[in-house]
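J.: What follows is a single structure, and I will ask about it in a moment.
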Amino acid sequence: MESFKKLSDEKLVALIAENNNKAFHALYNRYWDRMLVKAFTLLQSHDLAEEVVQDAFINFWRRRHTVTLKYSFHTYIASVVKYEVMAKLAGRDKQPLYIDDIAFVNPADHSTQQWLDFDELKSRIETTIHTLPDKCQLVFKLSREEGLTAKQISDSLNISHKTVEAHISKAIKILRVSLSSFFI
């Protein structure tokens, strides 16, 4: 095993293609820690990181006869680990979280600033609504604040369905323009 440690990655990959287990172990030991750190940084879970790196090396062993390195082995295994991490993260949304996988972080409390921003946004919306023409303002309030459908509004105000849609559309356009600077 000691002689394998001195061999280059390319030579070890060539030996692995010939089913040499000792060459595989040498390459595995050479890159295990680095790939584990990379996976842990992205996943924030030691167990998941170990699983990902293990899967990456298992996949390499399974494909040892067909793998051709375009660059270095380090680039290859780092890419495999990255894709395994992405697959794990995509699957994580579909699986329940376990308490061990949760990183306990003490986030900064921005609730006061968020409340002030919300108040300012609410005030700007109300001001903009008050600048709308009376009929447009009424239709918009019935739609958004009262939750009435366009048909219910047209029936209660004796106006056409298209007129209700036009008023709502106009109000939304004016609000969008008025609030655009708020979200930049």
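Each chain in the structure tokens gets a letter, A, B, ..., in the order shown, and its residues are numbered from 1; ligands are numbered from 1 in order too.
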Give me every alpha helix (DSSP H) residue in segment 42-147 of chain A, going by DSSP on the backbone, as a count of residues only.
T.: 70
J.: Counting only C-alpha atoms, which of A:Thr127, A:Thr66, A:Asn59, A:Thr149 gets nearest to Leu175 of chain A?
T.: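 Of the candidates, the smallest distance to Leu175 of chain A is held by A:Thr127.
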J.: Go through A:Lys135, A:Lys11, A:Lys162, A:His46 one by one, measure the shortest atom-to-atom distance of each to Leu69 of chain A using only C-alpha atoms, and give the residue with the smallest value.
T.: A:Lys11
J.: So that I can check the surroundings of segment 137-141 of chain A, please list as a PyMOL selection string every protein, DNA and RNA residue that reaches within 10 Å of it, counting only C-alpha atoms and ignoring chain neighbours fewer than 5 positions away.
T.: chain A and resi 128-132+146-148+150+153-154+157+163-172
J.: Just the selected residues (C-alpha atoms), exported as an mmCIF file, in the first residue's frame, please.
T.:
```cif
data_model
loop_
_atom_site.group_PDB
_atom_site.id
_atom_site.type_symbol
_atom_site.label_atom_id
_atom_site.label_comp_id
_atom_site.auth_asym_id
_atom_site.auth_seq_id
_atom_site.Cartn_x
_atom_site.Cartn_y
_atom_site.Cartn_z
ATOM 1 C CA THR A 128 -52.132 54.850 -4.267
ATOM 2 C CA ILE A 129 -55.607 53.321 -3.995
ATOM 3 C CA HIS A 130 -56.996 56.684 -2.840
ATOM 4 C CA THR A 131 -55.624 58.315 -6.016
ATOM 5 C CA LEU A 132 -57.659 55.947 -8.233
ATOM 6 C CA GLU A 146 -64.006 42.114 0.336
ATOM 7 C CA GLY A 147 -62.944 39.125 -1.753
ATOM 8 C CA LEU A 148 -65.822 39.391 -4.212
ATOM 9 C CA ALA A 150 -65.794 39.897 -10.805
ATOM 10 C CA ILE A 153 -69.102 42.937 -8.341
ATOM 11 C CA SER A 154 -70.716 43.374 -11.767
ATOM 12 C CA LEU A 157 -72.849 47.561 -9.189
ATOM 13 C CA THR A 163 -65.817 46.801 -17.027
ATOM 14 C CA VAL A 164 -65.019 45.193 -13.652
ATOM 15 C CA GLU A 165 -61.987 43.449 -15.165
ATOM 16 C CA ALA A 166 -60.856 46.718 -16.770
ATOM 17 C CA HIS A 167 -61.082 48.591 -13.437
ATOM 18 C CA ILE A 168 -59.134 45.866 -11.604
ATOM 19 C CA SER A 169 -56.526 45.735 -14.351
ATOM 20 C CA LYS A 170 -56.131 49.531 -14.310
ATOM 21 C CA ALA A 171 -55.756 49.567 -10.502
ATOM 22 C CA ILE A 172 -53.110 46.835 -10.597
#
```
J.: At a cut-off of 9 Å, using only C-alpha atoms, what residues contact Lys38 of chain A? Leave out same-chain residues fewer than 2 positions from it and give the result as a list of chain:residue names.
T.: A:Asp33, A:Arg34, A:Met35, A:Leu36, A:Phe40, A:Thr41, A:Leu42, A:Leu43, A:Ala49, A:Ala78, A:Val81, A:Lys82
J.: Which residues are near segment 21-28 of chain A? Cut-off 8 Å, only C-alpha atoms, ignore same chain within fewer than 4 positions. Put them as number ranges by chain.
T.: A: 1, 4-5, 9, 12-13, 15-16, 32, 57, 61
J.: Pick out the residues sitting within 9 Å of Leu48 of chain A, and hand them over as a count of residues only; count only C-alpha atoms, and ignore anything fewer than 4 positions along from it in its own chain.
T.: 9
